[in-house]
$ cat model.txt   # compact mmCIF, C-alpha atoms
# COMPACT_ATOMS: atom_id res chain seq x y z
CA MET A 1 -2.75 21.46 -5.90
CA ALA A 2 -1.00 19.27 -8.49
CA VAL A 3 1.41 16.64 -7.15
CA ASP A 4 4.61 15.80 -9.00
CA LEU A 5 4.30 12.16 -10.18
CA THR A 6 7.67 12.08 -11.96
CA PRO A 7 9.38 8.65 -11.58
CA ARG A 8 12.46 8.77 -9.35
CA GLN A 9 15.60 6.77 -8.60
CA PRO A 10 16.60 6.06 -4.97
CA ALA A 11 19.43 7.71 -3.03
CA LYS A 12 22.04 5.87 -0.96
CA ALA A 13 21.24 6.03 2.76
CA TYR A 14 24.20 4.09 4.17
CA GLY A 15 26.62 1.27 3.37
CA GLY A 16 30.20 0.09 3.08
CA ASP A 17 32.24 -2.85 1.79
CA GLY A 18 29.37 -5.26 2.42
CA GLY A 19 26.85 -3.35 0.34
CA ALA A 20 24.45 -0.43 0.55
CA TYR A 21 20.89 0.51 1.47
CA TYR A 22 19.02 2.91 -0.81
CA GLU A 23 15.70 4.62 -0.25
CA TRP A 24 13.18 6.84 -1.98
CA SER A 25 12.31 10.00 -0.08
CA PRO A 26 8.89 11.68 0.06
CA ALA A 27 10.75 14.95 -0.38
CA GLU A 28 11.71 13.78 -3.89
CA LEU A 29 8.59 11.68 -4.58
CA PRO A 30 5.70 13.42 -2.76
CA MET A 31 3.19 10.65 -3.50
CA LEU A 32 5.06 8.43 -1.02
CA GLY A 33 3.95 10.66 1.82
CA ILE A 34 0.43 11.14 0.47
CA ALA A 35 -0.09 7.39 0.00
CA SER A 36 1.90 6.46 3.15
CA ILE A 37 4.08 4.11 1.13
CA GLY A 38 7.75 3.32 1.79
CA ALA A 39 10.22 2.17 -0.87
CA ALA A 40 13.81 1.03 -0.45
CA LYS A 41 16.43 -1.22 -2.01
CA LEU A 42 19.17 -3.37 -0.44
CA ALA A 43 22.26 -4.29 -2.48
CA LEU A 44 24.68 -6.76 -0.88
CA ALA A 45 28.13 -7.45 -2.30
CA ALA A 46 29.59 -10.95 -2.23
CA GLY A 47 29.90 -11.92 1.45
CA GLY A 48 27.74 -8.96 2.50
CA MET A 49 25.24 -9.27 5.33
CA SER A 50 22.40 -7.01 6.38
CA LEU A 51 22.35 -7.26 10.17
CA PRO A 52 19.19 -8.40 12.01
CA SER A 53 16.57 -5.67 12.14
CA TYR A 54 12.86 -5.02 12.21
CA SER A 55 10.79 -2.25 10.67
CA ASP A 56 7.91 0.01 11.64
CA SER A 57 6.08 -1.05 8.46
CA ALA A 58 4.68 -4.18 6.86
CA LYS A 59 6.43 -4.84 3.54
CA VAL A 60 6.66 -6.93 0.42
CA ALA A 61 10.22 -7.84 -0.58
CA TYR A 62 11.12 -8.71 -4.17
CA VAL A 63 14.52 -10.10 -5.23
CA LEU A 64 15.61 -8.11 -8.27
CA GLN A 65 18.99 -9.77 -8.81
CA GLY A 66 21.25 -12.54 -7.53
CA LYS A 67 20.65 -15.23 -4.96
CA GLY A 68 21.36 -15.57 -1.27
CA THR A 69 19.77 -16.26 2.09
CA VAL A 70 17.25 -14.50 4.32
CA GLY A 71 16.66 -15.29 7.97
CA ILE A 72 13.12 -14.59 9.19
CA VAL A 73 11.90 -14.59 12.79
CA LEU A 74 8.13 -14.20 12.92
CA PRO A 75 6.52 -12.63 16.02
CA GLU A 76 6.45 -15.09 18.94
CA ALA A 77 8.39 -17.70 16.93
CA THR A 78 10.90 -19.83 18.83
CA LYS A 79 13.08 -20.51 15.79
CA GLU A 80 14.09 -18.56 12.74
CA LYS A 81 13.23 -19.64 9.23
CA VAL A 82 16.26 -19.73 6.93
CA VAL A 83 15.16 -19.34 3.33
CA ALA A 84 17.19 -19.51 0.12
CA VAL A 85 16.19 -16.67 -2.20
CA LYS A 86 16.89 -15.90 -5.84
CA GLU A 87 15.85 -13.48 -8.56
CA GLY A 88 12.07 -13.36 -8.90
CA ASP A 89 11.28 -14.33 -5.29
CA ALA A 90 8.63 -12.31 -3.48
CA LEU A 91 8.17 -12.41 0.30
CA ALA A 92 5.52 -10.84 2.53
CA LEU A 93 6.99 -9.42 5.76
CA PRO A 94 4.36 -8.48 8.38
CA PHE A 95 4.83 -6.13 11.33
CA GLY A 96 7.29 -7.30 13.95
CA VAL A 97 9.29 -9.62 11.69
CA VAL A 98 13.05 -9.66 12.32
CA THR A 99 15.12 -10.35 9.19
CA TRP A 100 18.74 -10.64 8.13
CA TRP A 101 19.99 -11.02 4.54
CA HIS A 102 23.20 -12.53 3.20
CA ASN A 103 24.93 -12.79 -0.17
CA THR A 104 27.25 -15.78 -0.46
CA PRO A 105 31.01 -15.03 -0.55
CA GLU A 106 31.42 -16.85 -3.86
CA SER A 107 28.67 -14.90 -5.59
CA ALA A 108 29.56 -13.23 -8.87
CA THR A 109 26.73 -10.68 -8.59
CA GLU A 110 25.15 -8.45 -5.98
CA LEU A 111 22.05 -9.62 -4.15
CA VAL A 112 19.54 -6.82 -4.75
CA VAL A 113 16.21 -6.73 -2.93
CA LEU A 114 13.36 -4.23 -3.37
CA PHE A 115 11.14 -3.34 -0.40
CA LEU A 116 7.71 -1.74 -0.82
CA GLY A 117 5.35 -1.29 2.11
CA ASP A 118 2.69 0.53 4.06
CA THR A 119 4.03 3.26 6.36
CA SER A 120 0.65 4.51 7.60
CA LYS A 121 1.41 3.21 11.10
CA GLY A 122 5.10 4.09 10.98
CA HIS A 123 7.13 6.96 12.39
CA ARG A 124 7.48 8.80 9.09
CA PRO A 125 4.76 8.61 6.41
CA GLY A 126 6.39 7.65 3.14
CA GLN A 127 9.63 6.30 4.61
CA PHE A 128 10.62 3.13 6.45
CA THR A 129 12.24 3.32 9.88
CA ASN A 130 14.40 0.26 10.52
CA PHE A 131 15.49 -0.76 14.01
CA GLN A 132 18.89 -2.48 14.10
CA LEU A 133 19.37 -5.09 16.81
CA THR A 134 23.18 -4.91 16.73
CA GLY A 135 25.93 -2.66 15.46
CA ALA A 136 26.91 0.94 16.07
CA SER A 137 23.28 2.10 15.78
CA GLY A 138 21.78 -0.98 17.40
CA ILE A 139 18.95 -0.75 19.93
CA PHE A 140 21.10 -1.94 22.82
CA THR A 141 23.67 0.84 22.40
CA GLY A 142 20.96 3.09 23.85
CA PHE A 143 20.47 1.08 27.04
CA SER A 144 22.77 1.36 30.02
CA THR A 145 25.06 -1.60 30.73
CA GLU A 146 23.01 -2.21 33.88
CA PHE A 147 19.84 -2.74 31.84
CA VAL A 148 21.61 -4.82 29.17
CA GLY A 149 23.32 -6.96 31.78
CA ARG A 150 20.07 -7.59 33.64
CA ALA A 151 18.20 -8.38 30.42
CA TRP A 152 20.78 -10.89 29.16
CA ASP A 153 21.95 -12.16 32.56
CA LEU A 154 25.51 -11.01 31.90
CA LYS A 155 28.04 -9.14 33.96
CA GLU A 156 28.05 -5.47 33.02
CA ASP A 157 31.58 -5.72 31.58
CA ASP A 158 30.55 -8.62 29.37
CA ALA A 159 27.38 -6.82 28.33
CA ALA A 160 29.34 -3.69 27.40
CA LYS A 161 31.85 -5.76 25.42
CA LEU A 162 29.13 -7.61 23.51
CA VAL A 163 27.17 -4.48 22.63
CA SER A 164 30.27 -2.62 21.39
CA SER A 165 31.93 -5.51 19.55
CA GLN A 166 30.22 -4.75 16.20
CA PRO A 167 31.47 -1.32 15.02
CA ALA A 168 29.59 -1.39 11.70
CA SER A 169 26.05 -0.14 11.23
CA GLY A 170 23.38 -1.99 9.28
CA ILE A 171 25.54 -3.81 6.71
CA VAL A 172 28.78 -5.75 7.16
CA LYS A 173 31.07 -7.90 5.05
CA LEU A 174 31.78 -11.23 6.71
CA THR A 175 35.37 -12.31 7.06
CA ALA A 176 36.68 -15.43 5.34
CA GLY A 177 35.56 -18.54 7.16
CA GLN A 178 32.57 -17.02 8.93
CA LYS A 179 29.58 -19.32 8.50
CA LEU A 180 25.85 -18.63 8.54
CA PRO A 181 22.95 -21.12 8.76
CA VAL A 182 22.22 -23.25 5.71
CA PRO A 183 18.78 -22.66 4.13
CA VAL A 184 16.08 -25.21 4.96
CA ASP A 185 13.79 -26.28 2.11
CA ALA A 186 10.78 -26.66 4.43
CA ASP A 187 11.18 -23.07 5.66
CA ARG A 188 10.35 -21.74 2.22
CA LYS A 189 6.75 -23.01 2.33
CA ASP A 190 4.27 -20.10 2.50
CA MET A 191 7.17 -17.66 2.92
CA ALA A 192 8.24 -17.03 -0.69
CA LEU A 193 6.82 -17.25 -4.19
CA ASN A 194 8.99 -17.07 -7.29
CA CYS A 195 7.16 -14.84 -9.74
CA LEU A 196 9.32 -15.96 -12.67
CA GLU A 197 8.35 -19.61 -12.13
CA ALA A 198 4.79 -19.31 -10.77
CA LYS A 199 1.68 -20.11 -12.78
CA LEU A 200 0.74 -17.17 -14.97
CA ASP A 201 -2.51 -15.37 -14.23
CA VAL A 202 -2.46 -13.72 -17.65
CA ASP A 203 -0.52 -14.92 -20.70
CA ILE A 204 -1.08 -13.12 -24.00
CA PRO A 205 1.20 -14.17 -26.89
CA ASN A 206 3.35 -11.27 -28.10
CA GLY A 207 1.57 -9.10 -25.56
CA GLY A 208 2.48 -9.78 -21.95
CA ARG A 209 2.31 -11.93 -18.85
CA VAL A 210 1.20 -11.33 -15.26
CA VAL A 211 1.73 -13.14 -11.97
CA VAL A 212 -0.44 -11.84 -9.13
CA LEU A 213 0.51 -12.23 -5.46
CA ASN A 214 -2.50 -12.59 -3.23
CA THR A 215 -3.74 -14.45 -0.16
CA ALA A 216 -4.13 -17.66 -2.15
CA ASN A 217 -0.52 -18.13 -3.28
CA LEU A 218 1.28 -16.22 -0.51
CA PRO A 219 -0.83 -16.34 2.69
CA LEU A 220 1.18 -13.72 4.61
CA VAL A 221 -0.04 -11.14 2.08
CA LYS A 222 -3.20 -10.93 4.21
CA GLU A 223 -1.21 -9.87 7.27
CA VAL A 224 0.78 -7.36 5.25
CA GLY A 225 -2.39 -5.89 3.77
CA LEU A 226 -0.89 -5.44 0.30
CA GLY A 227 -1.32 -7.11 -3.06
CA ALA A 228 1.45 -7.29 -5.65
CA ASP A 229 2.13 -8.39 -9.20
CA LEU A 230 4.94 -8.89 -11.67
CA VAL A 231 4.12 -7.74 -15.20
CA ARG A 232 6.22 -8.38 -18.30
CA ILE A 233 5.17 -6.91 -21.65
CA ASP A 234 6.84 -7.58 -24.98
CA ALA A 235 8.44 -5.14 -27.41
CA HIS A 236 6.11 -2.26 -28.35
CA SER A 237 3.17 -3.87 -26.53
CA MET A 238 0.63 -1.77 -24.67
CA CYS A 239 -0.90 -2.28 -21.25
CA SER A 240 -4.57 -1.34 -21.41
CA PRO A 241 -5.72 1.89 -19.73
CA GLY A 242 -7.16 0.89 -16.37
CA PHE A 243 -7.67 1.84 -12.76
CA SER A 244 -7.89 0.23 -9.33
CA CYS A 245 -11.57 0.17 -8.41
CA ASP A 246 -11.07 -0.44 -4.68
CA SER A 247 -9.56 2.93 -3.74
CA ALA A 248 -6.01 1.61 -3.81
CA TYR A 249 -2.72 3.26 -4.73
CA GLN A 250 -0.50 1.46 -7.24
CA VAL A 251 3.25 1.68 -6.62
CA THR A 252 5.34 0.58 -9.60
CA TYR A 253 9.06 -0.20 -9.84
CA ILE A 254 10.50 -0.73 -13.31
CA VAL A 255 12.66 -3.85 -13.08
CA ARG A 256 14.10 -3.70 -16.59
CA GLY A 257 13.40 -2.36 -20.04
CA SER A 258 11.84 0.99 -20.82
CA GLY A 259 8.80 2.62 -22.30
CA SER A 260 6.23 5.38 -22.10
CA VAL A 261 3.62 5.92 -19.41
CA GLN A 262 0.61 8.20 -19.19
CA VAL A 263 -1.64 8.80 -16.19
CA VAL A 264 -4.96 10.66 -16.43
CA GLY A 265 -6.94 12.02 -13.48
CA PRO A 266 -10.18 13.94 -12.87
CA ASP A 267 -11.53 16.21 -15.59
CA GLY A 268 -9.57 14.33 -18.22
CA LYS A 269 -6.32 15.96 -17.14
CA ARG A 270 -3.12 14.15 -18.08
CA VAL A 271 -1.10 14.30 -14.85
CA LEU A 272 1.89 12.29 -16.03
CA GLU A 273 3.45 11.72 -19.43
CA THR A 274 7.01 10.49 -19.38
CA HIS A 275 9.56 7.93 -20.51
CA ILE A 276 10.43 5.38 -17.83
CA GLU A 277 13.50 3.17 -17.46
CA GLY A 278 14.71 0.35 -15.24
CA GLY A 279 15.36 1.35 -11.63
CA SER A 280 12.72 4.08 -11.46
CA LEU A 281 9.64 4.15 -9.22
CA PHE A 282 6.35 5.98 -9.57
CA ILE A 283 2.93 5.97 -7.88
CA VAL A 284 -0.51 6.12 -9.47
CA PRO A 285 -3.03 8.05 -7.33
CA ARG A 286 -6.34 6.45 -6.40
CA PHE A 287 -8.85 6.01 -9.25
CA HIS A 288 -6.46 7.55 -11.80
CA VAL A 289 -6.17 5.71 -15.12
CA VAL A 290 -2.72 4.49 -16.18
CA SER A 291 -1.40 2.97 -19.39
CA LYS A 292 2.09 1.95 -20.57
CA ILE A 293 3.71 1.16 -23.93
CA ALA A 294 7.04 -0.70 -24.03
CA ASP A 295 10.03 0.25 -26.14
CA ALA A 296 11.81 -2.27 -28.38
CA SER A 297 13.41 -3.84 -25.29
CA GLY A 298 10.04 -4.68 -23.72
CA MET A 299 9.35 -3.73 -20.12
CA GLU A 300 9.04 -5.50 -16.78
CA TRP A 301 7.68 -4.03 -13.57
CA PHE A 302 6.85 -5.08 -10.03
CA SER A 303 3.97 -3.32 -8.29
CA ILE A 304 2.25 -3.30 -4.96
CA ILE A 305 -1.37 -2.30 -4.55
CA THR A 306 -2.61 -1.06 -1.18
CA THR A 307 -5.15 -3.86 -0.76
CA PRO A 308 -4.43 -7.62 -0.43
CA ASN A 309 -6.77 -8.76 -3.24
CA PRO A 310 -6.89 -5.90 -5.74
CA ILE A 311 -9.52 -5.50 -8.46
CA PHE A 312 -8.85 -3.55 -11.65
CA SER A 313 -11.22 -2.14 -14.20
CA HIS A 314 -9.94 -1.83 -17.77
CA LEU A 315 -11.07 0.69 -20.33
CA ALA A 316 -9.96 -1.19 -23.46
CA GLY A 317 -9.96 -4.82 -24.56
CA LYS A 318 -12.55 -7.60 -24.48
CA THR A 319 -12.97 -7.36 -20.69
CA SER A 320 -13.36 -3.58 -20.70
CA VAL A 321 -16.28 -1.55 -19.44
CA TRP A 322 -17.15 -0.65 -23.05
CA LYS A 323 -17.91 -4.26 -23.96
CA ALA A 324 -20.45 -4.44 -21.11
CA ILE A 325 -22.22 -1.16 -21.80
CA SER A 326 -25.21 -1.37 -24.13
CA PRO A 327 -24.83 -0.05 -27.71
CA GLU A 328 -27.45 2.66 -27.16
CA VAL A 329 -25.65 4.05 -24.10
CA LEU A 330 -22.28 3.99 -25.86
CA GLU A 331 -23.74 5.75 -28.90
CA ALA A 332 -25.34 8.46 -26.77
CA SER A 333 -22.32 8.89 -24.52
CA PHE A 334 -19.92 9.48 -27.41
CA ASN A 335 -22.60 11.38 -29.39
CA THR A 336 -21.72 9.24 -32.36
CA THR A 337 -23.42 7.35 -35.15
CA PRO A 338 -24.60 3.73 -35.00
CA GLU A 339 -22.00 2.90 -37.64
CA MET A 340 -19.15 4.28 -35.52
CA GLU A 341 -20.51 2.48 -32.43
CA LYS A 342 -20.46 -0.82 -34.33
CA LEU A 343 -16.92 -0.18 -35.58
CA PHE A 344 -15.75 0.67 -32.05
CA ARG A 345 -17.40 -2.41 -30.55
CA SER A 346 -15.95 -4.69 -33.23
CA LYS A 347 -12.38 -3.94 -32.15
CA ARG A 348 -10.32 -5.70 -29.44
CA LEU A 349 -12.64 -8.70 -29.31
CA ASP A 350 -9.78 -11.13 -28.65
CA SER A 351 -7.39 -8.91 -26.70
CA GLU A 352 -7.58 -8.64 -22.91
CA ILE A 353 -5.25 -6.26 -21.08
CA PHE A 354 -2.13 -6.35 -23.30
CA PHE A 355 -2.15 -5.29 -26.93
CA ALA A 356 0.60 -6.49 -29.24
CA PRO A 357 1.75 -4.04 -31.92
CA ASN A 358 -0.18 -4.21 -35.21
$ encode --input "model.txt" --output "structure tokens"
Amino acid sequence: MAVDLTPRQPAKAYGGDGGAYYEWSPAELPMLGIASIGAAKLALAAGGMSLPSYSDSAKVAYVLQGKGTVGIVLPEATKEKVVAVKEGDALALPFGVVTWWHNTPESATELVVLFLGDTSKGHRPGQFTNFQLTGASGIFTGFSTEFVGRAWDLKEDDAAKLVSSQPASGIVKLTAGQKLPVPVDADRKDMALNCLEAKLDVDIPNGGRVVVLNTANLPLVKEVGLGADLVRIDAHSMCSPGFSCDSAYQVTYIVRGSGSVQVVGPDGKRVLETHIEGGSLFIVPRFHVVSKIADASGMEWFSIITTPNPIFSHLAGKTSVWKAISPEVLEASFNTTPEMEKLFRSKRLDSEIFFAPN
């Protein structure tokens, strides 16, 4: 049965003065459930704070806009890491990590963070379940005051007061004068990589650029079990048709710009042909071939791949399968003439995976 691959925008799940949390639902984007992938977005207003929580899924976080602070408590750690984040930062968040996020009160823009992750071990395939530590929906609101008091060595009255003192749920706006920890430069090591400043893995003039996140430049990627990349292609450039050759799903969020995308599956069937714009998300099924062409504005996207060190095979360009296949096989496969085979092979000798407009 055909699955709807149409790119979707997220829906608001909850929020208030401090900001909002948005998520993509497998009911709207069925491939989320099939691939067991979760996708969500956090937008914090100036002074907004996302309260401490943990998730049932390992994730990659990518800062789409603004700058702020994230607090990270790794499993069995005795001290939190307080990391300054800004647009372009990517972080790998393994199972069991407790995080809080904050946008500075003086900020002129929202702090917007994208979360993409593996929900195969979670409560709901295709959707994150977050466990709040405090607030109206916090874990400890479910325990009796006797249990809370015993756990924290507090009198039951004090325990009840502490648990009920935060009426908000998930996101708050701090009052004037409330202070949070100052980021520590050393805490950033191995925790975040800025994809806009990192060394480029691919750089094709007038074509496009790629930064790949893997176990070499962001070690926690191994624990998360996901690879990721940031791709930026120039006006009217094309991203070569290609597929993941290690049975991985590719989950793509369009950061900015717009363009056209086509996806082709078994039997040469085109399963997606659409125009995509910033803010939309779509998923490429395993072994399907995908290609994109940017509009005049160019296009930028952030993707996760469901393997920590992904390998792609391209079907056009100097590194494509066609350049490796012998002339005789190519001629027989296309049932074409030697002259056409030579013409075909003579093209794209200098172009890799991005093709600038002629």
$ residues_around --input "model.txt" --residues "Ala92 of chain A" --least-positions-apart "5" --cutoff "6 Å" --atoms "only C-alpha atoms" --output "list of chain:residue names"
A:Val60, A:Leu220, A:Val221
$ residues_around --input "model.txt" --residues "segment 232-236 of chain A" --least-positions-apart "3" --cutoff "8 Å" --atoms "only C-alpha atoms" --output "list in words"
Asn206, Gly207, Gly208, Arg209, Val210, Cys239, Ile293, Ala294, Asp295, Ala296, Ser297, Gly298, Met299, Glu300, Trp301, Phe354, Ala356 and Pro357 of chain A
$ write_last_selection --input "model.txt" --atoms "C-alpha atoms" --output "short mmCIF file (atom, residue, chain, number, x, y, z; two decimals), in the coordinates of the input"
data_model
loop_
_atom_site.label_atom_id
_atom_site.label_comp_id
_atom_site.auth_asym_id
_atom_site.auth_seq_id
_atom_site.Cartn_x
_atom_site.Cartn_y
_atom_site.Cartn_z
CA ASN A 206 3.35 -11.27 -28.10
CA GLY A 207 1.57 -9.10 -25.56
CA GLY A 208 2.48 -9.78 -21.95
CA ARG A 209 2.31 -11.93 -18.85
CA VAL A 210 1.20 -11.33 -15.26
CA CYS A 239 -0.90 -2.28 -21.25
CA ILE A 293 3.71 1.16 -23.93
CA ALA A 294 7.04 -0.70 -24.03
CA ASP A 295 10.03 0.25 -26.14
CA ALA A 296 11.81 -2.27 -28.38
CA SER A 297 13.41 -3.84 -25.29
CA GLY A 298 10.04 -4.68 -23.72
CA MET A 299 9.35 -3.73 -20.12
CA GLU A 300 9.04 -5.50 -16.78
CA TRP A 301 7.68 -4.03 -13.57
CA PHE A 354 -2.13 -6.35 -23.30
CA ALA A 356 0.60 -6.49 -29.24
CA PRO A 357 1.75 -4.04 -31.92
#
$ residues_near_point --input "model.txt" --point "(29.1, -6.8, 20.2)" --cutoff "12 Å" --atoms "only C-alpha atoms" --output "list in words"
Leu133, Thr134, Gly135, Ala136, Ser137, Gly138, Ile139, Phe140, Thr141, Val148, Asp157, Asp158, Ala159, Ala160, Lys161, Leu162, Val163, Ser164, Ser165, Gln166, Pro167, Ala168 and Ser169 of chain A
$ atom_distance --input "model.txt" --atom1 "atom CA of Asn309 of chain A" --atom2 "atom CA of Ile204 of chain A"
22.0 Å
$ closest_residue --input "model.txt" --among "A:Ala11, A:Ile305, A:Ala45, A:Leu343" --to "Leu174 of chain A" --atoms "all atoms listed in the file"
A:Ala45
$ closest_residue --input "model.txt" --among "A:Val224, A:Val70, A:Val255, A:Val329" --to "Leu114 of chain A" --atoms "only C-alpha atoms"
A:Val255
$ atom_distance --input "model.txt" --atom1 "atom CA of Ala108 of chain A" --atom2 "atom CA of Ala46 of chain A"
7.0 Å
$ residues_around --input "model.txt" --residues "Ser244 of chain A" --least-positions-apart "6" --cutoff "10 Å" --atoms "only C-alpha atoms" --output "list in words"
Gln250, Val284, Pro285, Arg286, Phe287, His288, Val289, Val290, Ile305, Thr306, Thr307, Pro310, Ile311, Phe312, Ser313 and His314 of chain A
$ decode --input "model.txt" --residues "segment 13-21 of chain A" --atoms "all heavy atoms" --output "compact mmCIF listing (two decimals), in the first residue's frame"
# COMPACT_ATOMS: atom_id res chain seq x y z
N ALA A 13 1.94 21.70 20.36
CA ALA A 13 1.51 20.73 21.37
C ALA A 13 1.15 21.41 22.69
O ALA A 13 0.17 21.06 23.34
CB ALA A 13 2.60 19.69 21.60
N TYR A 14 1.98 22.37 23.11
CA TYR A 14 1.70 23.14 24.33
C TYR A 14 2.58 24.37 24.34
O TYR A 14 3.51 24.50 23.54
CB TYR A 14 1.92 22.29 25.59
CG TYR A 14 3.33 21.78 25.78
CD1 TYR A 14 4.32 22.55 26.37
CD2 TYR A 14 3.67 20.48 25.36
CE1 TYR A 14 5.61 22.07 26.54
CE2 TYR A 14 4.96 20.00 25.53
CZ TYR A 14 5.92 20.79 26.12
OH TYR A 14 7.20 20.32 26.29
N GLY A 15 2.31 25.29 25.27
CA GLY A 15 3.13 26.49 25.39
C GLY A 15 2.40 27.61 26.09
O GLY A 15 1.25 27.46 26.54
N GLY A 16 3.07 28.75 26.19
CA GLY A 16 2.52 29.92 26.87
C GLY A 16 3.40 31.12 26.60
O GLY A 16 4.01 31.23 25.52
N ASP A 17 3.50 32.02 27.58
CA ASP A 17 4.28 33.25 27.40
C ASP A 17 5.77 32.96 27.15
O ASP A 17 6.46 33.72 26.48
CB ASP A 17 4.15 34.15 28.64
CG ASP A 17 2.75 34.72 28.79
OD1 ASP A 17 2.00 34.73 27.78
OD2 ASP A 17 2.40 35.17 29.90
N GLY A 18 6.26 31.85 27.71
CA GLY A 18 7.67 31.55 27.58
C GLY A 18 8.05 30.93 26.25
O GLY A 18 9.24 30.88 25.90
N GLY A 19 7.08 30.46 25.50
CA GLY A 19 7.37 29.82 24.22
C GLY A 19 6.44 28.66 23.96
O GLY A 19 5.41 28.51 24.63
N ALA A 20 6.79 27.83 23.01
CA ALA A 20 5.91 26.73 22.61
C ALA A 20 6.71 25.53 22.13
O ALA A 20 7.86 25.66 21.69
CB ALA A 20 4.95 27.18 21.52
N TYR A 21 6.07 24.37 22.24
CA TYR A 21 6.65 23.10 21.77
C TYR A 21 5.76 22.58 20.66
O TYR A 21 4.54 22.47 20.82
CB TYR A 21 6.72 22.11 22.93
CG TYR A 21 7.32 20.76 22.59
CD1 TYR A 21 8.70 20.58 22.57
CD2 TYR A 21 6.51 19.66 22.31
CE1 TYR A 21 9.26 19.34 22.28
CE2 TYR A 21 7.06 18.41 22.02
CZ TYR A 21 8.44 18.27 22.01
OH TYR A 21 8.99 17.04 21.71
